[in-house]
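Containing PDB, C-alpha atoms: protein.pdb.
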```pdb
ATOM      1  CA  MET A1267       0.000   0.000   0.000  1.00  0.00           C
ATOM      2  CA  SER A1268       1.273   3.492  -0.911  1.00  0.00           C
ATOM      3  CA  VAL A1269       0.099   5.809   1.840  1.00  0.00           C
ATOM      4  CA  GLU A1270       0.882   8.866  -0.272  1.00  0.00           C
ATOM      5  CA  ASP A1271      -1.226   7.634  -3.206  1.00  0.00           C
ATOM      6  CA  PHE A1272      -4.126   6.846  -0.902  1.00  0.00           C
ATOM      7  CA  GLU A1273      -3.881  10.239   0.795  1.00  0.00           C
ATOM      8  CA  ALA A1274      -4.017  11.907  -2.609  1.00  0.00           C
ATOM      9  CA  ARG A1275      -7.207  10.003  -3.431  1.00  0.00           C
ATOM     10  CA  ILE A1276      -8.960  10.930  -0.209  1.00  0.00           C
ATOM     11  CA  GLU A1277      -7.526  14.477  -0.289  1.00  0.00           C
ATOM     12  CA  TYR A1278      -6.146  14.355   3.219  1.00  0.00           C
ATOM     13  CA  VAL A1279      -2.543  14.008   4.434  1.00  0.00           C
ATOM     14  CA  PHE A1280      -2.076  12.391   7.839  1.00  0.00           C
ATOM     15  CA  GLU A1281       0.317  13.688  10.441  1.00  0.00           C
ATOM     16  CA  ASN A1282       0.094  10.320  12.200  1.00  0.00           C
ATOM     17  CA  LYS A1283       0.455   7.668   9.484  1.00  0.00           C
ATOM     18  CA  SER A1284      -0.309   4.859  11.923  1.00  0.00           C
ATOM     19  CA  LEU A1285      -3.928   6.036  12.016  1.00  0.00           C
ATOM     20  CA  ILE A1286      -4.527   5.442   8.319  1.00  0.00           C
ATOM     21  CA  MET A1287      -2.753   2.099   8.507  1.00  0.00           C
ATOM     22  CA  ALA A1288      -5.045   1.073  11.371  1.00  0.00           C
ATOM     23  CA  ALA A1289      -8.127   2.298   9.499  1.00  0.00           C
ATOM     24  CA  LEU A1290      -7.295   0.020   6.580  1.00  0.00           C
ATOM     25  CA  THR A1291      -6.417  -3.024   8.702  1.00  0.00           C
ATOM     26  CA  HIS A1292      -9.112  -5.688   9.012  1.00  0.00           C
ATOM     27  CA  ARG A1293      -9.218  -7.647  12.266  1.00  0.00           C
ATOM     28  CA  SER A1294      -8.280 -10.832  10.367  1.00  0.00           C
ATOM     29  CA  TYR A1295      -4.946  -9.274   9.353  1.00  0.00           C
ATOM     30  CA  ALA A1296      -4.225  -8.032  12.866  1.00  0.00           C
ATOM     31  CA  PHE A1297      -4.920 -11.532  14.205  1.00  0.00           C
ATOM     32  CA  GLU A1298      -2.320 -13.055  11.850  1.00  0.00           C
ATOM     33  CA  HIS A1299       0.374 -10.360  12.189  1.00  0.00           C
ATOM     34  CA  ALA A1300       1.803  -9.597  15.599  1.00  0.00           C
ATOM     35  CA  ASN A1301       3.329  -6.345  14.305  1.00  0.00           C
ATOM     36  CA  ALA A1302      -0.116  -4.962  13.387  1.00  0.00           C
ATOM     37  CA  MET A1303      -0.828  -3.092  16.577  1.00  0.00           C
ATOM     38  CA  GLN A1304      -4.448  -2.224  15.780  1.00  0.00           C
ATOM     39  CA  ASN A1305      -7.358  -3.112  13.538  1.00  0.00           C
ATOM     40  CA  ASN A1306     -10.034  -0.717  12.329  1.00  0.00           C
ATOM     41  CA  GLN A1307     -12.921  -1.663  14.626  1.00  0.00           C
ATOM     42  CA  ARG A1308     -12.551   1.165  17.151  1.00  0.00           C
ATOM     43  CA  LEU A1309     -12.002   3.750  14.413  1.00  0.00           C
ATOM     44  CA  GLU A1310     -15.035   2.396  12.547  1.00  0.00           C
ATOM     45  CA  PHE A1311     -17.139   2.844  15.709  1.00  0.00           C
ATOM     46  CA  LEU A1312     -15.971   6.440  15.995  1.00  0.00           C
ATOM     47  CA  GLY A1313     -16.350   7.195  12.289  1.00  0.00           C
ATOM     48  CA  ASP A1314     -19.890   5.837  12.238  1.00  0.00           C
ATOM     49  CA  ALA A1315     -20.960   8.366  14.881  1.00  0.00           C
ATOM     50  CA  ILE A1316     -19.177  11.246  13.142  1.00  0.00           C
ATOM     51  CA  LEU A1317     -20.702  10.353   9.769  1.00  0.00           C
ATOM     52  CA  ASP A1318     -24.217  10.265  11.237  1.00  0.00           C
ATOM     53  CA  PHE A1319     -23.669  13.647  12.879  1.00  0.00           C
ATOM     54  CA  ILE A1320     -22.241  15.399   9.805  1.00  0.00           C
ATOM     55  CA  ILE A1321     -24.889  14.031   7.438  1.00  0.00           C
ATOM     56  CA  ALA A1322     -27.682  14.908   9.887  1.00  0.00           C
ATOM     57  CA  ASP A1323     -26.299  18.428  10.279  1.00  0.00           C
ATOM     58  CA  ASP A1324     -26.058  18.941   6.515  1.00  0.00           C
ATOM     59  CA  LEU A1325     -29.592  17.654   5.935  1.00  0.00           C
ATOM     60  CA  CYS A1326     -30.983  20.000   8.595  1.00  0.00           C
ATOM     61  CA  LEU A1327     -29.315  22.937   6.838  1.00  0.00           C
ATOM     62  CA  ARG A1328     -30.469  21.843   3.380  1.00  0.00           C
ATOM     63  CA  TYR A1329     -34.058  21.077   4.359  1.00  0.00           C
ATOM     64  CA  PRO A1330     -35.062  23.480   7.163  1.00  0.00           C
ATOM     65  CA  LYS A1331     -38.783  22.713   6.756  1.00  0.00           C
ATOM     66  CA  GLU A1332     -38.597  18.901   6.658  1.00  0.00           C
ATOM     67  CA  ARG A1333     -39.970  16.862   9.558  1.00  0.00           C
ATOM     68  CA  GLU A1334     -37.701  14.654  11.661  1.00  0.00           C
ATOM     69  CA  GLY A1335     -39.066  11.452  10.137  1.00  0.00           C
ATOM     70  CA  GLU A1336     -38.172  12.486   6.590  1.00  0.00           C
ATOM     71  CA  LEU A1337     -34.718  13.689   7.632  1.00  0.00           C
ATOM     72  CA  SER A1338     -34.151  10.357   9.363  1.00  0.00           C
ATOM     73  CA  ARG A1339     -35.178   8.480   6.201  1.00  0.00           C
ATOM     74  CA  LEU A1340     -32.793  10.506   4.043  1.00  0.00           C
ATOM     75  CA  ARG A1341     -29.932  10.060   6.493  1.00  0.00           C
ATOM     76  CA  SER A1342     -30.490   6.290   6.603  1.00  0.00           C
ATOM     77  CA  ARG A1343     -30.328   6.164   2.820  1.00  0.00           C
ATOM     78  CA  LEU A1344     -27.139   8.244   2.686  1.00  0.00           C
ATOM     79  CA  VAL A1345     -25.206   6.322   5.345  1.00  0.00           C
ATOM     80  CA  CYS A1346     -26.386   2.779   4.627  1.00  0.00           C
ATOM     81  CA  GLU A1347     -23.842   0.042   3.995  1.00  0.00           C
ATOM     82  CA  GLY A1348     -24.421  -0.015   0.245  1.00  0.00           C
ATOM     83  CA  ALA A1349     -23.869   3.726  -0.144  1.00  0.00           C
ATOM     84  CA  LEU A1350     -20.626   3.655   1.831  1.00  0.00           C
ATOM     85  CA  ALA A1351     -19.384   0.626  -0.118  1.00  0.00           C
ATOM     86  CA  ILE A1352     -19.919   2.484  -3.399  1.00  0.00           C
ATOM     87  CA  LEU A1353     -17.925   5.461  -2.114  1.00  0.00           C
ATOM     88  CA  ALA A1354     -15.190   3.164  -0.812  1.00  0.00           C
ATOM     89  CA  ARG A1355     -14.890   1.445  -4.202  1.00  0.00           C
ATOM     90  CA  LYS A1356     -14.670   4.801  -5.981  1.00  0.00           C
ATOM     91  CA  LEU A1357     -11.735   5.689  -3.753  1.00  0.00           C
ATOM     92  CA  GLY A1358     -10.029   2.323  -4.245  1.00  0.00           C
ATOM     93  CA  PHE A1359     -10.417   1.019  -0.694  1.00  0.00           C
ATOM     94  CA  ASP A1360     -10.811  -2.524  -2.019  1.00  0.00           C
ATOM     95  CA  LYS A1361      -7.187  -2.426  -3.196  1.00  0.00           C
ATOM     96  CA  GLU A1362      -5.825  -1.093   0.109  1.00  0.00           C
ATOM     97  CA  ILE A1363      -7.501  -2.998   2.950  1.00  0.00           C
ATOM     98  CA  ARG A1364      -5.114  -5.359   4.718  1.00  0.00           C
ATOM     99  CA  MET A1365      -6.794  -8.689   5.429  1.00  0.00           C
ATOM    100  CA  GLY A1366      -5.883 -12.145   6.663  1.00  0.00           C
ATOM    101  CA  LYS A1367      -5.182 -14.945   4.194  1.00  0.00           C
ATOM    102  CA  GLY A1368      -8.582 -16.563   4.657  1.00  0.00           C
ATOM    103  CA  GLU A1369     -10.420 -13.334   3.966  1.00  0.00           C
ATOM    104  CA  VAL A1370      -8.238 -12.604   0.944  1.00  0.00           C
ATOM    105  CA  SER A1371      -8.907 -16.054  -0.532  1.00  0.00           C
ATOM    106  CA  SER A1372     -12.658 -15.489  -0.191  1.00  0.00           C
ATOM    107  CA  SER A1373     -12.458 -11.959  -1.684  1.00  0.00           C
ATOM    108  CA  GLY A1374     -13.401 -10.421   1.642  1.00  0.00           C
ATOM    109  CA  MET A1375     -12.154  -7.006   0.568  1.00  0.00           C
ATOM    110  CA  MET A1376     -14.978  -6.887  -1.981  1.00  0.00           C
ATOM    111  CA  ARG A1377     -17.787  -7.277   0.564  1.00  0.00           C
ATOM    112  CA  ASP A1378     -19.976  -4.247   1.109  1.00  0.00           C
ATOM    113  CA  GLY A1379     -19.742  -4.619   4.890  1.00  0.00           C
ATOM    114  CA  THR A1380     -15.942  -4.689   4.865  1.00  0.00           C
ATOM    115  CA  LEU A1381     -15.738  -1.658   2.585  1.00  0.00           C
ATOM    116  CA  ALA A1382     -18.318   0.318   4.553  1.00  0.00           C
ATOM    117  CA  ASP A1383     -16.494  -0.398   7.818  1.00  0.00           C
ATOM    118  CA  ALA A1384     -13.197   0.755   6.314  1.00  0.00           C
ATOM    119  CA  TYR A1385     -14.816   3.937   4.983  1.00  0.00           C
ATOM    120  CA  GLU A1386     -16.138   4.782   8.452  1.00  0.00           C
ATOM    121  CA  ALA A1387     -12.771   3.890   9.977  1.00  0.00           C
ATOM    122  CA  VAL A1388     -11.020   6.354   7.666  1.00  0.00           C
ATOM    123  CA  ILE A1389     -13.448   9.057   8.833  1.00  0.00           C
ATOM    124  CA  GLY A1390     -12.568   8.162  12.417  1.00  0.00           C
ATOM    125  CA  ALA A1391      -8.869   8.280  11.583  1.00  0.00           C
ATOM    126  CA  ILE A1392      -9.165  11.708   9.958  1.00  0.00           C
ATOM    127  CA  TYR A1393     -11.007  12.998  13.012  1.00  0.00           C
ATOM    128  CA  ARG A1394      -8.374  11.606  15.384  1.00  0.00           C
ATOM    129  CA  ASP A1395      -5.596  13.114  13.255  1.00  0.00           C
ATOM    130  CA  GLY A1396      -6.995  16.523  12.399  1.00  0.00           C
ATOM    131  CA  GLY A1397     -10.269  17.126  14.202  1.00  0.00           C
ATOM    132  CA  ILE A1398     -13.851  17.603  13.115  1.00  0.00           C
ATOM    133  CA  GLU A1399     -13.353  20.065  10.227  1.00  0.00           C
ATOM    134  CA  PRO A1400     -11.151  17.780   8.074  1.00  0.00           C
ATOM    135  CA  ALA A1401     -13.600  14.950   8.779  1.00  0.00           C
ATOM    136  CA  ARG A1402     -16.490  17.191   7.733  1.00  0.00           C
ATOM    137  CA  ARG A1403     -14.691  18.178   4.503  1.00  0.00           C
ATOM    138  CA  PHE A1404     -14.008  14.546   3.647  1.00  0.00           C
ATOM    139  CA  ILE A1405     -17.624  13.505   4.204  1.00  0.00           C
ATOM    140  CA  LEU A1406     -19.250  16.425   2.401  1.00  0.00           C
ATOM    141  CA  THR A1407     -16.807  16.224  -0.509  1.00  0.00           C
ATOM    142  CA  HIS A1408     -17.308  12.536  -1.197  1.00  0.00           C
ATOM    143  CA  HIS A1409     -21.022  12.495  -0.345  1.00  0.00           C
ATOM    144  CA  LYS A1410     -21.752  15.578  -2.472  1.00  0.00           C
ATOM    145  CA  GLU A1411     -23.436  13.755  -5.346  1.00  0.00           C
ATOM    146  CA  PHE A1412     -25.573  11.795  -2.912  1.00  0.00           C
ATOM    147  CA  LEU A1413     -26.480  14.842  -0.815  1.00  0.00           C
ATOM    148  CA  ASP A1414     -27.410  16.894  -3.865  1.00  0.00           C
ATOM    149  CA  ASP A1415     -29.949  14.251  -4.887  1.00  0.00           C
ATOM    150  CA  PRO A1416     -30.710  12.002  -1.891  1.00  0.00           C
ATOM    151  CA  ASP A1417     -33.672  10.328  -3.583  1.00  0.00           C
ATOM    152  CA  GLY A1418     -31.998   9.912  -6.971  1.00  0.00           C
ATOM    153  CA  GLN A1419     -30.761   6.730  -8.588  1.00  0.00           C
ATOM    154  CA  TRP A1420     -27.067   7.569  -8.118  1.00  0.00           C
ATOM    155  CA  LEU A1421     -26.566   4.477  -5.979  1.00  0.00           C
ATOM    156  CA  ALA A1422     -28.229   2.035  -8.297  1.00  0.00           C
ATOM    157  CA  SER A1423     -25.778   0.442 -10.691  1.00  0.00           C
ATOM    158  CA  ASP A1424     -28.140  -2.521 -11.066  1.00  0.00           C
ATOM    159  CA  ASP A1425     -31.446  -3.869  -9.741  1.00  0.00           C
ATOM    160  CA  LYS A1426     -29.824  -5.975  -7.026  1.00  0.00           C
ATOM    161  CA  THR A1427     -28.002  -2.914  -5.683  1.00  0.00           C
ATOM    162  CA  ARG A1428     -31.187  -0.833  -5.831  1.00  0.00           C
ATOM    163  CA  LEU A1429     -33.097  -3.453  -3.874  1.00  0.00           C
ATOM    164  CA  GLN A1430     -30.351  -3.800  -1.266  1.00  0.00           C
ATOM    165  CA  LEU A1431     -30.184  -0.048  -0.723  1.00  0.00           C
ATOM    166  CA  LEU A1432     -33.956   0.314  -0.485  1.00  0.00           C
ATOM    167  CA  ALA A1433     -34.061  -2.467   2.098  1.00  0.00           C
ATOM    168  CA  GLN A1434     -31.139  -1.127   4.134  1.00  0.00           C
ATOM    169  CA  ALA A1435     -32.568   2.382   4.198  1.00  0.00           C
ATOM    170  CA  ASN A1436     -35.700   0.933   5.781  1.00  0.00           C
ATOM    171  CA  HIS A1437     -33.880  -1.470   8.120  1.00  0.00           C
ATOM    172  CA  LYS A1438     -34.919  -4.608   6.271  1.00  0.00           C
ATOM    173  CA  ALA A1439     -32.863  -7.697   5.384  1.00  0.00           C
ATOM    174  CA  VAL A1440     -32.633  -9.140   1.856  1.00  0.00           C
ATOM    175  CA  VAL A1441     -31.953 -12.857   1.291  1.00  0.00           C
ATOM    176  CA  TYR A1442     -31.582 -14.714  -2.034  1.00  0.00           C
ATOM    177  CA  GLU A1443     -32.205 -18.463  -2.285  1.00  0.00           C
ATOM    178  CA  THR A1444     -31.630 -20.737  -5.278  1.00  0.00           C
ATOM    179  CA  ILE A1445     -34.830 -22.770  -5.521  1.00  0.00           C
ATOM    180  CA  ARG A1446     -34.277 -24.625  -8.790  1.00  0.00           C
ATOM    181  CA  GLN A1447     -31.495 -25.619 -11.198  1.00  0.00           C
ATOM    182  CA  ASP A1448     -32.304 -27.270 -14.528  1.00  0.00           C
ATOM    183  CA  GLY A1449     -30.613 -28.074 -17.810  1.00  0.00           C
ATOM    184  CA  PRO A1450     -27.281 -29.632 -18.792  1.00  0.00           C
ATOM    185  CA  SER A1451     -24.071 -28.710 -16.978  1.00  0.00           C
ATOM    186  CA  HIS A1452     -22.814 -26.670 -19.938  1.00  0.00           C
ATOM    187  CA  ALA A1453     -26.033 -24.611 -20.129  1.00  0.00           C
ATOM    188  CA  PRO A1454     -27.791 -24.595 -16.755  1.00  0.00           C
ATOM    189  CA  MET A1455     -30.817 -22.494 -15.822  1.00  0.00           C
ATOM    190  CA  PHE A1456     -31.317 -21.188 -12.303  1.00  0.00           C
ATOM    191  CA  GLU A1457     -34.372 -19.902 -10.484  1.00  0.00           C
ATOM    192  CA  VAL A1458     -33.814 -17.680  -7.452  1.00  0.00           C
ATOM    193  CA  ALA A1459     -36.269 -16.370  -4.864  1.00  0.00           C
ATOM    194  CA  VAL A1460     -35.708 -13.109  -3.014  1.00  0.00           C
ATOM    195  CA  SER A1461     -37.132 -12.511   0.464  1.00  0.00           C
ATOM    196  CA  ILE A1462     -37.267  -9.359   2.551  1.00  0.00           C
ATOM    197  CA  ASP A1463     -37.454  -9.831   6.319  1.00  0.00           C
ATOM    198  CA  SER A1464     -38.152 -13.546   5.710  1.00  0.00           C
ATOM    199  CA  LYS A1465     -41.098 -12.831   3.402  1.00  0.00           C
ATOM    200  CA  ARG A1466     -40.720 -14.078  -0.170  1.00  0.00           C
ATOM    201  CA  ILE A1467     -41.297 -11.182  -2.546  1.00  0.00           C
ATOM    202  CA  ALA A1468     -40.412 -12.407  -6.036  1.00  0.00           C
ATOM    203  CA  THR A1469     -38.507 -14.931  -8.133  1.00  0.00           C
ATOM    204  CA  GLY A1470     -36.296 -14.662 -11.193  1.00  0.00           C
ATOM    205  CA  ALA A1471     -34.545 -16.969 -13.657  1.00  0.00           C
ATOM    206  CA  GLY A1472     -31.247 -16.803 -15.530  1.00  0.00           C
ATOM    207  CA  ARG A1473     -28.323 -18.749 -16.965  1.00  0.00           C
ATOM    208  CA  SER A1474     -26.259 -18.051 -13.848  1.00  0.00           C
ATOM    209  CA  LYS A1475     -27.120 -17.498 -10.194  1.00  0.00           C
ATOM    210  CA  LYS A1476     -26.048 -13.866 -10.543  1.00  0.00           C
ATOM    211  CA  GLU A1477     -28.324 -13.327 -13.540  1.00  0.00           C
ATOM    212  CA  ALA A1478     -31.218 -15.002 -11.725  1.00  0.00           C
ATOM    213  CA  GLN A1479     -30.667 -12.827  -8.660  1.00  0.00           C
ATOM    214  CA  GLN A1480     -30.789  -9.705 -10.822  1.00  0.00           C
ATOM    215  CA  ALA A1481     -34.042 -10.891 -12.380  1.00  0.00           C
ATOM    216  CA  ALA A1482     -35.530 -11.602  -8.959  1.00  0.00           C
ATOM    217  CA  ALA A1483     -34.443  -8.176  -7.697  1.00  0.00           C
ATOM    218  CA  ALA A1484     -36.004  -6.459 -10.726  1.00  0.00           C
ATOM    219  CA  ALA A1485     -39.278  -8.303 -10.117  1.00  0.00           C
ATOM    220  CA  ALA A1486     -39.205  -7.393  -6.415  1.00  0.00           C
ATOM    221  CA  LEU A1487     -38.627  -3.689  -7.102  1.00  0.00           C
ATOM    222  CA  LYS A1488     -41.807  -3.582  -9.176  1.00  0.00           C
ATOM    223  CA  ARG A1489     -43.772  -4.763  -6.120  1.00  0.00           C
ATOM    224  CA  LEU A1490     -42.247  -2.474  -3.500  1.00  0.00           C
ATOM    225  CA  ASP A1491     -42.975   1.076  -2.418  1.00  0.00           C
ATOM    226  CA  PRO A1492     -39.858   3.085  -3.426  1.00  0.00           C
ATOM    227  CA  ASN A1493     -39.857   4.968  -0.123  1.00  0.00           C
ATOM    228  CA  THR A1494     -40.789   2.413   2.522  1.00  0.00           C
ATOM    229  CA  GLY A1495     -39.753  -0.865   0.904  1.00  0.00           C
ATOM    230  CA  ASP A1496     -43.172  -2.335   1.729  1.00  0.00           C
ATOM    231  CA  VAL A1497     -45.068  -4.523  -0.720  1.00  0.00           C
ATOM    232  CA  CYS A1498     -47.602  -2.361  -2.561  1.00  0.00           C
ATOM    233  CA  ILE A1499     -48.528  -4.604  -5.522  1.00  0.00           C
TER     234      ILE A1499
END
```

Can you present the structure in this file as C-alpha cells?
Amino acid sequence: MSVEDFEARIEYVFENKSLIMAALTHRSYAFEHANAMQNNQRLEFLGDAILDFIIADDLCLRYPKEREGELSRLRSRLVCEGALAILARKLGFDKEIRMGKGEVSSSGMMRDGTLADAYEAVIGAIYRDGGIEPARRFILTHHKEFLDDPDGQWLASDDKTRLQLLAQANHKAVVYETIRQDGPSHAPMFEVAVSIDSKRIATGAGRSKKEAQQAAAAAALKRLDPNTGDVCI
C-alpha cells in the first residue's frame, strides 16, 4: 500500500500515518500479524458516529422545513452500507484494505460490509488526526453527489443494488435463495427467490445465479414502495 497515493485520493494528508494504517487493517490481518498493533474496529465505531452527525447536520441545513421522520429516512439512505461501499470502491479502498489470508482467498475485501467499515474507519482516523473540520470536509466532498440528490438513482448500478439499498434504508434484510437448477451442466438455468425480512417477494430466472438474482431483484422492485420498501402490488 502506498500511503501517499491513498492520501491523494482521499484528499487528506495524515500527520500520524499509523492512524490510516489502522483504518485500513481488518481484524483478520491483525490476528495473523503480531506487528499490526491495531485493527479498524474502534475507528469504525468512531467514524460511524461522526458520519451520522455530519450528514444529519447537513440535511438539517439543506431542508429546514422537513420533519424529523423524513430527515431520518434521508440520512439512513445516505449512510447505509451499500452507499458507503460504493464510495469506498470509488476511492479504491478494495485495493488497500489489509486482510488475513482466509479473507483474501474469499475476496473479503470486496464485501460491502468490509468496505463500509473501512470507509467509516477512515473518517474516524481523519477525526483523530486533524479534528472535526477535516472529517467534515471529507464527508461532504465525497457524499456531495448523494447529498445533492438524496432520492436519486445515483446508488443504483443494477437492480440488485437498488433493492439492497432500499431495504437497508428501511432497516430490512434481503436474502436470495436458489430454488431450482435445470438443464445440462454446460447450459444450466437457475431460479432464485428473493425474500425481505423472511417474506418471499419475487422470483427470477437466468443462466447463472447472478443473472437469476438480478431478475428476482427487478421483479421485487416492481412490487415495493420506493420509499418504505413495503409490498404495494

Please enumerate the residues selected by the PyMOL selection byres ((chain A and resi 1307) around 12) when evaluated against the supplied file, formatted as an mmCIF file with C-alpha atoms, keeping the file's coordinate frame.
```cif
data_model
loop_
_atom_site.group_PDB
_atom_site.id
_atom_site.type_symbol
_atom_site.label_atom_id
_atom_site.label_comp_id
_atom_site.auth_asym_id
_atom_site.auth_seq_id
_atom_site.Cartn_x
_atom_site.Cartn_y
_atom_site.Cartn_z
ATOM 1 C CA ALA A 1288 -5.045 1.073 11.371
ATOM 2 C CA ALA A 1289 -8.127 2.298 9.499
ATOM 3 C CA LEU A 1290 -7.295 0.020 6.580
ATOM 4 C CA THR A 1291 -6.417 -3.024 8.702
ATOM 5 C CA HIS A 1292 -9.112 -5.688 9.012
ATOM 6 C CA ARG A 1293 -9.218 -7.647 12.266
ATOM 7 C CA SER A 1294 -8.280 -10.832 10.367
ATOM 8 C CA ALA A 1296 -4.225 -8.032 12.866
ATOM 9 C CA GLN A 1304 -4.448 -2.224 15.780
ATOM 10 C CA ASN A 1305 -7.358 -3.112 13.538
ATOM 11 C CA ASN A 1306 -10.034 -0.717 12.329
ATOM 12 C CA ARG A 1308 -12.551 1.165 17.151
ATOM 13 C CA LEU A 1309 -12.002 3.750 14.413
ATOM 14 C CA GLU A 1310 -15.035 2.396 12.547
ATOM 15 C CA PHE A 1311 -17.139 2.844 15.709
ATOM 16 C CA LEU A 1312 -15.971 6.440 15.995
ATOM 17 C CA GLY A 1313 -16.350 7.195 12.289
ATOM 18 C CA ASP A 1314 -19.890 5.837 12.238
ATOM 19 C CA THR A 1380 -15.942 -4.689 4.865
ATOM 20 C CA ALA A 1382 -18.318 0.318 4.553
ATOM 21 C CA ASP A 1383 -16.494 -0.398 7.818
ATOM 22 C CA ALA A 1384 -13.197 0.755 6.314
ATOM 23 C CA TYR A 1385 -14.816 3.937 4.983
ATOM 24 C CA GLU A 1386 -16.138 4.782 8.452
ATOM 25 C CA ALA A 1387 -12.771 3.890 9.977
ATOM 26 C CA VAL A 1388 -11.020 6.354 7.666
ATOM 27 C CA GLY A 1390 -12.568 8.162 12.417
ATOM 28 C CA ALA A 1391 -8.869 8.280 11.583
#
```

>> Starting from the PyMOL selection byres ((chain A and resi 1476-1479) around 10), expand the selection into actual residues of this file and give them as a PyMOL selection string.
In response: chain A and resi 1425-1426+1442-1444+1455-1460+1469-1475+1480-1485

Would you put the residues from that selection into a file with C-alpha atoms, as a PDB file, in the frame of the given file?
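Listing of result_19.pdb after writing:
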```pdb
ATOM      1  CA  ASP A1425     -31.446  -3.869  -9.741  1.00  0.00           C
ATOM      2  CA  LYS A1426     -29.824  -5.975  -7.026  1.00  0.00           C
ATOM      3  CA  TYR A1442     -31.582 -14.714  -2.034  1.00  0.00           C
ATOM      4  CA  GLU A1443     -32.205 -18.463  -2.285  1.00  0.00           C
ATOM      5  CA  THR A1444     -31.630 -20.737  -5.278  1.00  0.00           C
ATOM      6  CA  MET A1455     -30.817 -22.494 -15.822  1.00  0.00           C
ATOM      7  CA  PHE A1456     -31.317 -21.188 -12.303  1.00  0.00           C
ATOM      8  CA  GLU A1457     -34.372 -19.902 -10.484  1.00  0.00           C
ATOM      9  CA  VAL A1458     -33.814 -17.680  -7.452  1.00  0.00           C
ATOM     10  CA  ALA A1459     -36.269 -16.370  -4.864  1.00  0.00           C
ATOM     11  CA  VAL A1460     -35.708 -13.109  -3.014  1.00  0.00           C
ATOM     12  CA  THR A1469     -38.507 -14.931  -8.133  1.00  0.00           C
ATOM     13  CA  GLY A1470     -36.296 -14.662 -11.193  1.00  0.00           C
ATOM     14  CA  ALA A1471     -34.545 -16.969 -13.657  1.00  0.00           C
ATOM     15  CA  GLY A1472     -31.247 -16.803 -15.530  1.00  0.00           C
ATOM     16  CA  ARG A1473     -28.323 -18.749 -16.965  1.00  0.00           C
ATOM     17  CA  SER A1474     -26.259 -18.051 -13.848  1.00  0.00           C
ATOM     18  CA  LYS A1475     -27.120 -17.498 -10.194  1.00  0.00           C
ATOM     19  CA  GLN A1480     -30.789  -9.705 -10.822  1.00  0.00           C
ATOM     20  CA  ALA A1481     -34.042 -10.891 -12.380  1.00  0.00           C
ATOM     21  CA  ALA A1482     -35.530 -11.602  -8.959  1.00  0.00           C
ATOM     22  CA  ALA A1483     -34.443  -8.176  -7.697  1.00  0.00           C
ATOM     23  CA  ALA A1484     -36.004  -6.459 -10.726  1.00  0.00           C
ATOM     24  CA  ALA A1485     -39.278  -8.303 -10.117  1.00  0.00           C
TER      25      ALA A1485
END
```

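Distance-wise, CA of Leu1325 in chain A and CA of Ile1352 in chain A end up 20.3 Å apart.
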
>> My list of candidates is A:Val1497, A:Leu1327, A:Ile1321, A:Val1279. Which is closest to Leu1340 in chain A when distances are computed with all atoms listed in the file?
In response: A:Ile1321

>> Using the chain letters and numbers from this file, what does the PyMOL selection byres ((chain A and resi 1361-1364) around 7) select? Give the answer as number ranges by chain.
In response: A: 1267, 1290-1292, 1295, 1358-1360, 1365, 1375

> A:Ser1342, A:Asn1436, A:Thr1407, A:Gln1430: which is nearest Thr1494 in chain A, counting all atoms listed in the file?
Replying inline: A:Asn1436

>> Report, in Å with one decimal, the straight-line distance from CA of Arg1402 in chain A to CA of Leu1317 in chain A.
In response: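 Interatomic distance, CA of Arg1402 in chain A to CA of Leu1317 in chain A: 8.3 Å.
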
>> Which residues are close to Asp1378 in chain A, i.e. within 8 Å by only C-alpha atoms, leaving aside same-chain residues fewer than 4 positions away? Reply as number ranges by chain.
In response: A: 1347-1348, 1350-1351, 1382

> What separation in Å, quoted to one decimal, exists between CA of Ile1467 in chain A and CA of Ala1349 in chain A?
Replying inline: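 According to the coordinates, CA of Ile1467 in chain A and CA of Ala1349 in chain A are separated by 23.1 Å.
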
Box along x, y and z, 3 Å on every side, all listed atoms of range 1270-1283 of chain A inside: centre and edge lengths in Å to one decimal, as AutoDock Vina command-line options.
```
--center_x -4.0 --center_y 10.7 --center_z 4.4 --size_x 15.8 --size_y 13.6 --size_z 21.6
```

> Which of these, A:Asp1448, A:Leu1429, A:Val1441, A:Ala1435, has the shortest distance to Lys1488 in chain A once you count all atoms listed in the file?
Replying inline: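 Result for the nearest residue to Lys1488 in chain A: A:Leu1429.
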